[in-house]
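Coordinates from upload_13.txt are shown below (compact mmCIF, N, CA and C atoms).
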# COMPACT_ATOMS: atom_id res chain seq x y z
N MET K 154 0.82 -1.19 0.00
CA MET K 154 0.00 0.00 0.00
C MET K 154 0.86 1.25 0.00
N THR K 155 1.85 1.30 -0.81
CA THR K 155 2.76 2.43 -0.81
C THR K 155 2.17 3.69 -1.44
N ASP K 156 1.07 3.56 -2.18
CA ASP K 156 0.49 4.74 -2.81
C ASP K 156 -0.48 5.48 -1.88
N GLN K 157 -0.70 4.97 -0.69
CA GLN K 157 -1.61 5.62 0.26
C GLN K 157 -0.87 6.77 0.92
N ARG K 158 -1.54 7.92 0.99
CA ARG K 158 -0.88 9.12 1.51
C ARG K 158 -1.63 9.70 2.70
N LEU K 159 -0.85 10.18 3.65
CA LEU K 159 -1.42 10.74 4.87
C LEU K 159 -0.60 11.92 5.34
N LEU K 160 -1.17 12.65 6.27
CA LEU K 160 -0.46 13.75 6.92
C LEU K 160 -0.68 13.62 8.42
N VAL K 161 0.40 13.59 9.16
CA VAL K 161 0.35 13.58 10.62
C VAL K 161 0.50 15.01 11.10
N VAL K 162 -0.47 15.49 11.86
CA VAL K 162 -0.39 16.83 12.44
C VAL K 162 0.01 16.69 13.91
N LEU K 163 1.10 17.37 14.25
CA LEU K 163 1.68 17.26 15.59
C LEU K 163 1.83 18.66 16.18
N PRO K 164 0.79 19.13 16.90
CA PRO K 164 0.91 20.45 17.54
C PRO K 164 1.88 20.40 18.72
N ILE K 165 2.77 21.38 18.78
CA ILE K 165 3.74 21.44 19.87
C ILE K 165 3.68 22.82 20.51
N ILE K 166 3.45 22.83 21.83
CA ILE K 166 3.48 24.07 22.59
C ILE K 166 4.65 24.09 23.56
N SER K 167 5.10 22.92 23.96
CA SER K 167 6.18 22.80 24.94
C SER K 167 7.06 21.62 24.55
N HIS K 168 8.34 21.74 24.84
CA HIS K 168 9.26 20.66 24.50
C HIS K 168 9.35 19.60 25.60
N THR K 169 8.66 19.83 26.71
CA THR K 169 8.74 18.91 27.84
C THR K 169 8.49 17.47 27.40
N TYR K 170 7.42 17.23 26.68
CA TYR K 170 7.09 15.89 26.19
C TYR K 170 7.39 15.76 24.70
N ALA K 171 7.28 16.86 23.98
CA ALA K 171 7.43 16.82 22.52
C ALA K 171 8.79 16.30 22.09
N ALA K 172 9.85 16.66 22.80
CA ALA K 172 11.19 16.22 22.42
C ALA K 172 11.28 14.70 22.40
N ALA K 173 10.72 14.05 23.42
CA ALA K 173 10.74 12.59 23.47
C ALA K 173 9.84 12.00 22.39
N CYS K 174 8.71 12.63 22.14
CA CYS K 174 7.79 12.17 21.09
C CYS K 174 8.50 12.18 19.73
N VAL K 175 9.09 13.32 19.39
CA VAL K 175 9.75 13.45 18.09
C VAL K 175 10.93 12.49 18.00
N ALA K 176 11.70 12.36 19.06
CA ALA K 176 12.83 11.42 19.06
C ALA K 176 12.35 10.01 18.80
N SER K 177 11.19 9.64 19.37
CA SER K 177 10.67 8.29 19.15
C SER K 177 10.17 8.11 17.72
N LEU K 178 9.67 9.17 17.10
CA LEU K 178 9.23 9.10 15.71
C LEU K 178 10.41 8.96 14.76
N LEU K 179 11.52 9.63 15.08
CA LEU K 179 12.66 9.69 14.18
C LEU K 179 13.70 8.60 14.41
N GLN K 180 13.55 7.82 15.47
CA GLN K 180 14.54 6.78 15.73
C GLN K 180 14.53 5.75 14.60
N PRO K 181 15.67 5.13 14.32
CA PRO K 181 15.69 4.08 13.29
C PRO K 181 14.72 2.96 13.67
N ASN K 182 13.97 2.49 12.71
CA ASN K 182 12.99 1.41 12.93
C ASN K 182 11.94 1.77 13.97
N SER K 183 11.48 3.01 13.96
CA SER K 183 10.43 3.44 14.89
C SER K 183 9.15 2.65 14.63
N ALA K 184 8.48 2.29 15.70
CA ALA K 184 7.20 1.59 15.59
C ALA K 184 6.11 2.49 15.01
N ALA K 185 6.39 3.77 14.83
CA ALA K 185 5.42 4.64 14.17
C ALA K 185 5.36 4.30 12.68
N GLY K 186 6.51 4.00 12.08
CA GLY K 186 6.54 3.63 10.67
C GLY K 186 6.23 4.78 9.72
N LEU K 187 6.52 6.00 10.13
CA LEU K 187 6.19 7.19 9.33
C LEU K 187 7.42 7.77 8.66
N LYS K 188 7.20 8.43 7.52
CA LYS K 188 8.26 9.16 6.85
C LYS K 188 8.24 10.60 7.38
N THR K 189 9.39 11.22 7.45
CA THR K 189 9.45 12.58 7.99
C THR K 189 8.60 13.55 7.17
N GLU K 190 8.51 13.34 5.87
CA GLU K 190 7.71 14.25 5.04
C GLU K 190 6.20 14.09 5.27
N ASP K 191 5.80 13.04 5.99
CA ASP K 191 4.38 12.84 6.32
C ASP K 191 3.98 13.53 7.62
N ILE K 192 4.94 14.15 8.31
CA ILE K 192 4.69 14.76 9.61
C ILE K 192 4.73 16.28 9.46
N LEU K 193 3.75 16.96 10.00
CA LEU K 193 3.73 18.42 10.02
C LEU K 193 3.64 18.89 11.46
N VAL K 194 4.70 19.50 11.94
CA VAL K 194 4.72 20.09 13.27
C VAL K 194 4.01 21.44 13.20
N ILE K 195 3.08 21.67 14.10
CA ILE K 195 2.46 22.98 14.24
C ILE K 195 3.12 23.64 15.43
N ASP K 196 3.86 24.70 15.15
CA ASP K 196 4.67 25.36 16.18
C ASP K 196 3.82 26.36 16.95
N ASN K 197 3.35 25.95 18.12
CA ASN K 197 2.59 26.82 19.01
C ASN K 197 3.44 27.31 20.18
N THR K 198 4.76 27.13 20.10
CA THR K 198 5.63 27.55 21.19
C THR K 198 5.70 29.07 21.25
N ARG K 199 6.08 29.58 22.41
CA ARG K 199 6.19 31.04 22.57
C ARG K 199 7.31 31.62 21.71
N ASP K 200 8.39 30.86 21.56
CA ASP K 200 9.57 31.41 20.89
C ASP K 200 9.82 30.88 19.49
N GLY K 201 8.88 30.11 18.96
CA GLY K 201 9.05 29.59 17.60
C GLY K 201 10.13 28.54 17.48
N SER K 202 10.36 27.78 18.54
CA SER K 202 11.48 26.85 18.57
C SER K 202 11.15 25.43 18.11
N ALA K 203 9.91 25.16 17.73
CA ALA K 203 9.56 23.79 17.34
C ALA K 203 10.17 23.40 16.00
N GLY K 204 10.70 24.36 15.27
CA GLY K 204 11.38 24.04 14.02
C GLY K 204 12.71 23.33 14.24
N MET K 205 13.16 23.24 15.49
CA MET K 205 14.46 22.64 15.80
C MET K 205 14.50 21.14 15.52
N TYR K 206 13.34 20.52 15.31
CA TYR K 206 13.29 19.08 15.12
C TYR K 206 13.64 18.64 13.70
N GLY K 207 13.73 19.59 12.78
CA GLY K 207 14.07 19.23 11.42
C GLY K 207 12.93 18.62 10.63
N LEU K 208 11.71 18.76 11.13
CA LEU K 208 10.53 18.25 10.44
C LEU K 208 9.82 19.41 9.76
N PRO K 209 9.01 19.13 8.74
CA PRO K 209 8.20 20.21 8.17
C PRO K 209 7.41 20.89 9.28
N THR K 210 7.44 22.21 9.31
CA THR K 210 6.85 22.97 10.41
C THR K 210 6.02 24.11 9.87
N TRP K 211 4.87 24.34 10.50
CA TRP K 211 4.02 25.48 10.19
C TRP K 211 3.90 26.33 11.44
N ARG K 212 4.00 27.64 11.27
CA ARG K 212 3.81 28.58 12.37
C ARG K 212 2.95 29.72 11.86
N HIS K 213 2.04 30.18 12.68
CA HIS K 213 1.17 31.29 12.28
C HIS K 213 2.04 32.49 11.89
N PRO K 214 1.69 33.16 10.79
CA PRO K 214 2.50 34.29 10.31
C PRO K 214 2.72 35.38 11.37
N GLU K 215 1.80 35.52 12.30
CA GLU K 215 1.95 36.54 13.34
C GLU K 215 2.41 35.93 14.67
N ASN K 216 2.92 34.70 14.59
CA ASN K 216 3.49 33.99 15.75
C ASN K 216 2.49 33.70 16.85
N TRP K 217 1.23 33.52 16.50
CA TRP K 217 0.22 33.18 17.49
C TRP K 217 0.25 31.69 17.81
N ASN K 218 -0.14 31.37 19.02
CA ASN K 218 -0.47 30.00 19.39
C ASN K 218 -1.89 29.78 18.89
N VAL K 219 -2.06 28.95 17.87
CA VAL K 219 -3.39 28.77 17.27
C VAL K 219 -4.23 27.75 18.02
N GLY K 220 -3.65 27.09 19.02
CA GLY K 220 -4.39 26.08 19.76
C GLY K 220 -4.44 24.76 19.02
N VAL K 221 -4.98 23.77 19.67
CA VAL K 221 -4.98 22.42 19.10
C VAL K 221 -5.96 22.28 17.94
N SER K 222 -7.20 22.71 18.11
CA SER K 222 -8.19 22.49 17.05
C SER K 222 -7.85 23.26 15.77
N ARG K 223 -7.35 24.48 15.91
CA ARG K 223 -6.94 25.22 14.70
C ARG K 223 -5.70 24.60 14.09
N ALA K 224 -4.84 24.01 14.91
CA ALA K 224 -3.67 23.28 14.38
C ALA K 224 -4.15 22.12 13.52
N TRP K 225 -5.15 21.40 14.01
CA TRP K 225 -5.71 20.30 13.21
C TRP K 225 -6.27 20.83 11.90
N ASN K 226 -6.91 22.02 11.94
CA ASN K 226 -7.48 22.60 10.72
C ASN K 226 -6.40 22.95 9.69
N VAL K 227 -5.22 23.32 10.15
CA VAL K 227 -4.10 23.53 9.22
C VAL K 227 -3.84 22.23 8.46
N GLY K 228 -3.87 21.13 9.18
CA GLY K 228 -3.69 19.82 8.55
C GLY K 228 -4.83 19.48 7.60
N VAL K 229 -6.05 19.78 8.02
CA VAL K 229 -7.22 19.51 7.16
C VAL K 229 -7.06 20.26 5.84
N ASP K 230 -6.66 21.52 5.91
CA ASP K 230 -6.48 22.31 4.69
C ASP K 230 -5.48 21.65 3.75
N ARG K 231 -4.40 21.16 4.31
CA ARG K 231 -3.37 20.52 3.47
C ARG K 231 -3.84 19.19 2.91
N VAL K 232 -4.55 18.40 3.73
CA VAL K 232 -5.08 17.12 3.26
C VAL K 232 -6.02 17.34 2.08
N LEU K 233 -6.87 18.34 2.19
CA LEU K 233 -7.80 18.64 1.10
C LEU K 233 -7.08 19.18 -0.13
N ALA K 234 -6.13 20.09 0.08
CA ALA K 234 -5.41 20.69 -1.04
C ALA K 234 -4.58 19.67 -1.81
N GLU K 235 -4.02 18.69 -1.09
CA GLU K 235 -3.15 17.70 -1.72
C GLU K 235 -3.87 16.38 -2.00
N ASN K 236 -5.18 16.33 -1.70
CA ASN K 236 -5.98 15.13 -1.93
C ASN K 236 -5.37 13.90 -1.25
N LEU K 237 -4.99 14.07 0.01
CA LEU K 237 -4.42 12.96 0.78
C LEU K 237 -5.53 12.07 1.30
N ASP K 238 -5.17 10.87 1.70
CA ASP K 238 -6.16 9.90 2.17
C ASP K 238 -6.59 10.12 3.62
N TYR K 239 -5.64 10.48 4.48
CA TYR K 239 -5.95 10.61 5.90
C TYR K 239 -5.23 11.78 6.54
N LEU K 240 -5.89 12.35 7.53
CA LEU K 240 -5.28 13.27 8.48
C LEU K 240 -5.10 12.47 9.76
N VAL K 241 -3.87 12.38 10.23
CA VAL K 241 -3.59 11.70 11.48
C VAL K 241 -3.36 12.77 12.55
N ILE K 242 -4.16 12.73 13.57
CA ILE K 242 -4.03 13.66 14.69
C ILE K 242 -3.20 12.96 15.76
N MET K 243 -2.05 13.54 16.05
CA MET K 243 -1.15 12.94 17.03
C MET K 243 -0.85 13.94 18.14
N SER K 244 -0.96 13.49 19.36
CA SER K 244 -0.58 14.30 20.51
C SER K 244 0.93 14.23 20.70
N SER K 245 1.52 15.31 21.15
CA SER K 245 2.97 15.33 21.35
C SER K 245 3.41 14.56 22.60
N VAL K 246 2.49 13.86 23.25
CA VAL K 246 2.86 12.99 24.36
C VAL K 246 3.00 11.53 23.92
N MET K 247 2.72 11.26 22.64
CA MET K 247 2.85 9.88 22.14
C MET K 247 4.33 9.48 22.10
N LEU K 248 4.58 8.24 22.48
CA LEU K 248 5.93 7.68 22.40
C LEU K 248 5.89 6.37 21.66
N PHE K 249 6.85 6.16 20.77
CA PHE K 249 6.94 4.92 20.01
C PHE K 249 8.27 4.26 20.32
N GLY K 250 8.22 2.97 20.55
CA GLY K 250 9.44 2.21 20.75
C GLY K 250 9.96 1.74 19.41
N PRO K 251 10.94 0.84 19.44
CA PRO K 251 11.43 0.28 18.19
C PRO K 251 10.40 -0.70 17.62
N GLU K 252 10.42 -0.85 16.32
CA GLU K 252 9.49 -1.77 15.67
C GLU K 252 9.78 -3.19 16.12
N LEU K 253 8.73 -3.89 16.53
CA LEU K 253 8.86 -5.30 16.87
C LEU K 253 8.15 -6.14 15.82
N HIS K 254 6.82 -6.14 15.85
CA HIS K 254 6.05 -6.97 14.92
C HIS K 254 5.39 -6.15 13.82
N THR K 255 5.08 -4.90 14.10
CA THR K 255 4.41 -4.06 13.13
C THR K 255 4.64 -2.60 13.46
N THR K 256 4.04 -1.73 12.68
CA THR K 256 4.14 -0.29 12.93
C THR K 256 2.72 0.28 12.94
N TRP K 257 2.61 1.50 13.46
CA TRP K 257 1.32 2.19 13.43
C TRP K 257 0.86 2.35 11.99
N ARG K 258 1.79 2.66 11.10
CA ARG K 258 1.45 2.84 9.68
C ARG K 258 0.87 1.55 9.10
N ARG K 259 1.49 0.42 9.36
CA ARG K 259 0.96 -0.85 8.83
C ARG K 259 -0.37 -1.22 9.49
N GLN K 260 -0.53 -0.90 10.76
CA GLN K 260 -1.83 -1.14 11.40
C GLN K 260 -2.91 -0.29 10.74
N MET K 261 -2.58 0.96 10.41
CA MET K 261 -3.53 1.81 9.70
C MET K 261 -3.91 1.20 8.35
N GLU K 262 -2.92 0.71 7.63
CA GLU K 262 -3.17 0.17 6.30
C GLU K 262 -4.12 -1.02 6.33
N THR K 263 -4.15 -1.73 7.46
CA THR K 263 -5.10 -2.83 7.61
C THR K 263 -6.53 -2.33 7.52
N PHE K 264 -6.77 -1.12 7.99
CA PHE K 264 -8.12 -0.55 8.01
C PHE K 264 -8.29 0.59 7.02
N TRP K 265 -7.35 0.73 6.08
CA TRP K 265 -7.39 1.83 5.11
C TRP K 265 -8.74 1.85 4.41
N GLY K 266 -9.33 3.00 4.30
CA GLY K 266 -10.64 3.14 3.67
C GLY K 266 -11.76 3.34 4.69
N HIS K 267 -11.52 2.99 5.94
CA HIS K 267 -12.50 3.25 6.99
C HIS K 267 -12.53 4.74 7.28
N ASN K 268 -13.64 5.23 7.79
CA ASN K 268 -13.77 6.66 8.08
C ASN K 268 -12.86 7.11 9.22
N VAL K 269 -12.67 6.25 10.21
CA VAL K 269 -11.86 6.58 11.38
C VAL K 269 -11.00 5.37 11.71
N ILE K 270 -9.72 5.63 11.98
CA ILE K 270 -8.82 4.57 12.44
C ILE K 270 -8.20 5.07 13.74
N GLU K 271 -8.51 4.38 14.83
CA GLU K 271 -8.04 4.81 16.15
C GLU K 271 -7.04 3.81 16.70
N ALA K 272 -5.94 4.32 17.23
CA ALA K 272 -4.95 3.45 17.86
C ALA K 272 -5.54 2.90 19.15
N ASP K 273 -5.47 1.61 19.32
CA ASP K 273 -6.00 0.98 20.53
C ASP K 273 -5.30 1.53 21.77
N GLY K 274 -6.09 1.93 22.75
CA GLY K 274 -5.56 2.35 24.03
C GLY K 274 -5.04 3.77 24.08
N HIS K 275 -5.14 4.51 22.98
CA HIS K 275 -4.60 5.87 22.98
C HIS K 275 -5.66 6.93 22.78
N SER K 276 -6.89 6.53 22.54
CA SER K 276 -8.00 7.46 22.38
C SER K 276 -7.65 8.55 21.37
N TRP K 277 -7.88 9.79 21.72
CA TRP K 277 -7.65 10.89 20.80
C TRP K 277 -6.18 11.21 20.59
N HIS K 278 -5.29 10.60 21.33
CA HIS K 278 -3.85 10.91 21.19
C HIS K 278 -3.28 10.46 19.86
N LEU K 279 -3.95 9.50 19.20
CA LEU K 279 -3.48 9.00 17.91
C LEU K 279 -4.68 8.45 17.15
N ILE K 280 -5.14 9.22 16.18
CA ILE K 280 -6.35 8.84 15.45
C ILE K 280 -6.25 9.36 14.02
N ALA K 281 -6.73 8.57 13.08
CA ALA K 281 -6.72 8.97 11.67
C ALA K 281 -8.15 9.19 11.20
N LEU K 282 -8.34 10.31 10.51
CA LEU K 282 -9.67 10.66 9.99
C LEU K 282 -9.60 10.84 8.50

Could you take the file, read its structure, and then write that structure out as structure tokens?
Amino acid sequence: MTDQRLLVVLPIISHTYAAACVASLLQPNSAAGLKTEDILVIDNTRDGSAGMYGLPTWRHPENWNVGVSRAWNVGVDRVLAENLDYLVIMSSVMLFGPELHTTWRRQMETFWGHNVIEADGHSWHLIAL
């Protein structure tokens, strides 16, 4: 299912948990199974420092904290503009270990085409729409 396209929206307001989240996403053989170009960091930090992760980053032109729901809407706009299959809403408190048997991406592909794909046990912290 390599032709399936998604966008992960990752709002960041603080590096307290986000640093570990991003490190877990970028580690070799991450159980997230995502490509860096599929992740969009929404920089809601006070100082605009969320770009330090080296991931695609969006920040409000006037440096506002747009909040979580408006951050998701930034992702919705891009999903619609690029005709992507899914918007993945990810909380910056999510942590992924090394891949053992599968990845979040492969688990999603099992249910590709469903209206909602929710990670078991994570509720709204990791969900695809």

Leaving out segment 239-243 of chain K and any residue of its chain fewer than 5 positions from it, which residues lie within 6 Å of it when counting only C-alpha atoms, given as a PDB file with N, CA and C atoms, keeping the file's coordinate frame?
ATOM      1  N   LEU K 159      -0.850  10.180   3.650  1.00  0.00           N
ATOM      2  CA  LEU K 159      -1.420  10.740   4.870  1.00  0.00           C
ATOM      3  C   LEU K 159      -0.600  11.920   5.340  1.00  0.00           C
ATOM      4  N   LEU K 160      -1.170  12.650   6.270  1.00  0.00           N
ATOM      5  CA  LEU K 160      -0.460  13.750   6.920  1.00  0.00           C
ATOM      6  C   LEU K 160      -0.680  13.620   8.420  1.00  0.00           C
ATOM      7  N   VAL K 161       0.400  13.590   9.160  1.00  0.00           N
ATOM      8  CA  VAL K 161       0.350  13.580  10.620  1.00  0.00           C
ATOM      9  C   VAL K 161       0.500  15.010  11.100  1.00  0.00           C
ATOM     10  N   VAL K 162      -0.470  15.490  11.860  1.00  0.00           N
ATOM     11  CA  VAL K 162      -0.390  16.830  12.440  1.00  0.00           C
ATOM     12  C   VAL K 162       0.010  16.690  13.910  1.00  0.00           C
ATOM     13  N   LEU K 163       1.100  17.370  14.250  1.00  0.00           N
ATOM     14  CA  LEU K 163       1.680  17.260  15.590  1.00  0.00           C
ATOM     15  C   LEU K 163       1.830  18.660  16.180  1.00  0.00           C
ATOM     16  N   HIS K 278      -5.290  10.600  21.330  1.00  0.00           N
ATOM     17  CA  HIS K 278      -3.850  10.910  21.190  1.00  0.00           C
ATOM     18  C   HIS K 278      -3.280  10.460  19.860  1.00  0.00           C
ATOM     19  N   LEU K 279      -3.950   9.500  19.200  1.00  0.00           N
ATOM     20  CA  LEU K 279      -3.480   9.000  17.910  1.00  0.00           C
ATOM     21  C   LEU K 279      -4.680   8.450  17.150  1.00  0.00           C
ATOM     22  N   ILE K 280      -5.140   9.220  16.180  1.00  0.00           N
ATOM     23  CA  ILE K 280      -6.350   8.840  15.450  1.00  0.00           C
ATOM     24  C   ILE K 280      -6.250   9.360  14.020  1.00  0.00           C
ATOM     25  N   ALA K 281      -6.730   8.570  13.080  1.00  0.00           N
ATOM     26  CA  ALA K 281      -6.720   8.970  11.670  1.00  0.00           C
ATOM     27  C   ALA K 281      -8.150   9.190  11.200  1.00  0.00           C
ATOM     28  N   LEU K 282      -8.340  10.310  10.510  1.00  0.00           N
ATOM     29  CA  LEU K 282      -9.670  10.660   9.990  1.00  0.00           C
ATOM     30  C   LEU K 282      -9.600  10.840   8.500  1.00  0.00           C
TER      31      LEU K 282
END

Polymer residues at most 8 Å from Ala184 of chain K, all atoms listed in the file, same-chain spacing of 5 or more positions, as a PDB file with N, CA and C atoms, keeping the file's coordinate frame:
ATOM      1  N   SER K 177      11.190   9.640  19.370  1.00  0.00           N
ATOM      2  CA  SER K 177      10.670   8.290  19.150  1.00  0.00           C
ATOM      3  C   SER K 177      10.170   8.110  17.720  1.00  0.00           C
ATOM      4  N   LEU K 178       9.670   9.170  17.100  1.00  0.00           N
ATOM      5  CA  LEU K 178       9.230   9.100  15.710  1.00  0.00           C
ATOM      6  C   LEU K 178      10.410   8.960  14.760  1.00  0.00           C
ATOM      7  N   LEU K 179      11.520   9.630  15.080  1.00  0.00           N
ATOM      8  CA  LEU K 179      12.660   9.690  14.180  1.00  0.00           C
ATOM      9  C   LEU K 179      13.700   8.600  14.410  1.00  0.00           C
ATOM     10  N   LEU K 248       4.580   8.240  22.480  1.00  0.00           N
ATOM     11  CA  LEU K 248       5.930   7.680  22.400  1.00  0.00           C
ATOM     12  C   LEU K 248       5.890   6.370  21.660  1.00  0.00           C
ATOM     13  N   PHE K 249       6.850   6.160  20.770  1.00  0.00           N
ATOM     14  CA  PHE K 249       6.940   4.920  20.010  1.00  0.00           C
ATOM     15  C   PHE K 249       8.270   4.260  20.320  1.00  0.00           C
ATOM     16  N   GLY K 250       8.220   2.970  20.550  1.00  0.00           N
ATOM     17  CA  GLY K 250       9.440   2.210  20.750  1.00  0.00           C
ATOM     18  C   GLY K 250       9.960   1.740  19.410  1.00  0.00           C
ATOM     19  N   PRO K 251      10.940   0.840  19.440  1.00  0.00           N
ATOM     20  CA  PRO K 251      11.430   0.280  18.190  1.00  0.00           C
ATOM     21  C   PRO K 251      10.400  -0.700  17.620  1.00  0.00           C
ATOM     22  N   GLU K 252      10.420  -0.850  16.320  1.00  0.00           N
ATOM     23  CA  GLU K 252       9.490  -1.770  15.670  1.00  0.00           C
ATOM     24  C   GLU K 252       9.780  -3.190  16.120  1.00  0.00           C
ATOM     25  N   LEU K 253       8.730  -3.890  16.530  1.00  0.00           N
ATOM     26  CA  LEU K 253       8.860  -5.300  16.870  1.00  0.00           C
ATOM     27  C   LEU K 253       8.150  -6.140  15.820  1.00  0.00           C
ATOM     28  N   HIS K 254       6.820  -6.140  15.850  1.00  0.00           N
ATOM     29  CA  HIS K 254       6.050  -6.970  14.920  1.00  0.00           C
ATOM     30  C   HIS K 254       5.390  -6.150  13.820  1.00  0.00           C
ATOM     31  N   THR K 255       5.080  -4.900  14.100  1.00  0.00           N
ATOM     32  CA  THR K 255       4.410  -4.060  13.130  1.00  0.00           C
ATOM     33  C   THR K 255       4.640  -2.600  13.460  1.00  0.00           C
ATOM     34  N   THR K 256       4.040  -1.730  12.680  1.00  0.00           N
ATOM     35  CA  THR K 256       4.140  -0.290  12.930  1.00  0.00           C
ATOM     36  C   THR K 256       2.720   0.280  12.940  1.00  0.00           C
ATOM     37  N   TRP K 257       2.610   1.500  13.460  1.00  0.00           N
ATOM     38  CA  TRP K 257       1.320   2.190  13.430  1.00  0.00           C
ATOM     39  C   TRP K 257       0.860   2.350  11.990  1.00  0.00           C
ATOM     40  N   ARG K 258       1.790   2.660  11.100  1.00  0.00           N
ATOM     41  CA  ARG K 258       1.450   2.840   9.680  1.00  0.00           C
ATOM     42  C   ARG K 258       0.870   1.550   9.100  1.00  0.00           C
ATOM     43  N   ARG K 259       1.490   0.420   9.360  1.00  0.00           N
ATOM     44  CA  ARG K 259       0.960  -0.850   8.830  1.00  0.00           C
ATOM     45  C   ARG K 259      -0.370  -1.220   9.490  1.00  0.00           C
TER      46      ARG K 259
END

Report as a PDB file with N, CA and C atoms, in the coordinates of the input all protein, DNA and RNA residues lying within 6.5 Å of Tyr170 of chain K, evaluated on all atoms listed in the file, omitting residues in the same chain fewer than 4 positions from it.
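Here's the written file around-v5.pdb:
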ATOM      1  N   CYS K 174       8.710  12.630  22.140  1.00  0.00           N
ATOM      2  CA  CYS K 174       7.790  12.170  21.090  1.00  0.00           C
ATOM      3  C   CYS K 174       8.500  12.180  19.730  1.00  0.00           C
ATOM      4  N   VAL K 175       9.090  13.320  19.390  1.00  0.00           N
ATOM      5  CA  VAL K 175       9.750  13.450  18.090  1.00  0.00           C
ATOM      6  C   VAL K 175      10.930  12.490  18.000  1.00  0.00           C
ATOM      7  N   SER K 245       1.520  15.310  21.150  1.00  0.00           N
ATOM      8  CA  SER K 245       2.970  15.330  21.350  1.00  0.00           C
ATOM      9  C   SER K 245       3.410  14.560  22.600  1.00  0.00           C
ATOM     10  N   VAL K 246       2.490  13.860  23.250  1.00  0.00           N
ATOM     11  CA  VAL K 246       2.860  12.990  24.360  1.00  0.00           C
ATOM     12  C   VAL K 246       3.000  11.530  23.920  1.00  0.00           C
TER      13      VAL K 246
END

Gap from atom CA of Leu237 of chain K to atom CA of Glu262 of chain K - Å, one decimal: 14.0 Å

Could you please write out, as a ChimeraX atom specification, every residue of chain K that DSSP assigns to alpha helix (DSSP H)? /K:168-179,220-235,257-263

Work out how far apart atom CA of Asp200 of chain K and atom CA of Ala172 of chain K are and give it in Å to one decimal.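 Straight-line distance from atom CA of Asp200 of chain K to atom CA of Ala172 of chain K works out to 15.4 Å.
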
Hey, which of K:Asn226, K:Thr198, K:Thr263, K:Ser244 ends up closest to Ala171 of chain K? Count all atoms listed in the file.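 The answer is K:Ser244, which sits nearest to Ala171 of chain K.
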
Enter the distance from atom C of Gly204 of chain K to atom CA of Asn236 of chain K, in Å, rounded to one decimal.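 Interatomic distance, atom C of Gly204 of chain K to atom CA of Asn236 of chain K: 26.0 Å.
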
Taking only C-alpha atoms into account, which of K:Arg158, K:Met205, K:Gln260, K:Ala173 comes nearest Val232 of chain K? K:Arg158

Write out as a ChimeraX atom specification all residues of chain K that backbone DSSP assigns to strand (DSSP E or B). /K:159-165,183,192-196,210-211,239-243,251,270-271,279-281

Residue neighbourhood Val219 of chain K, 10 Å, only C-alpha atoms, exclusion window fewer than 5 positions, as a count of residues only: 12
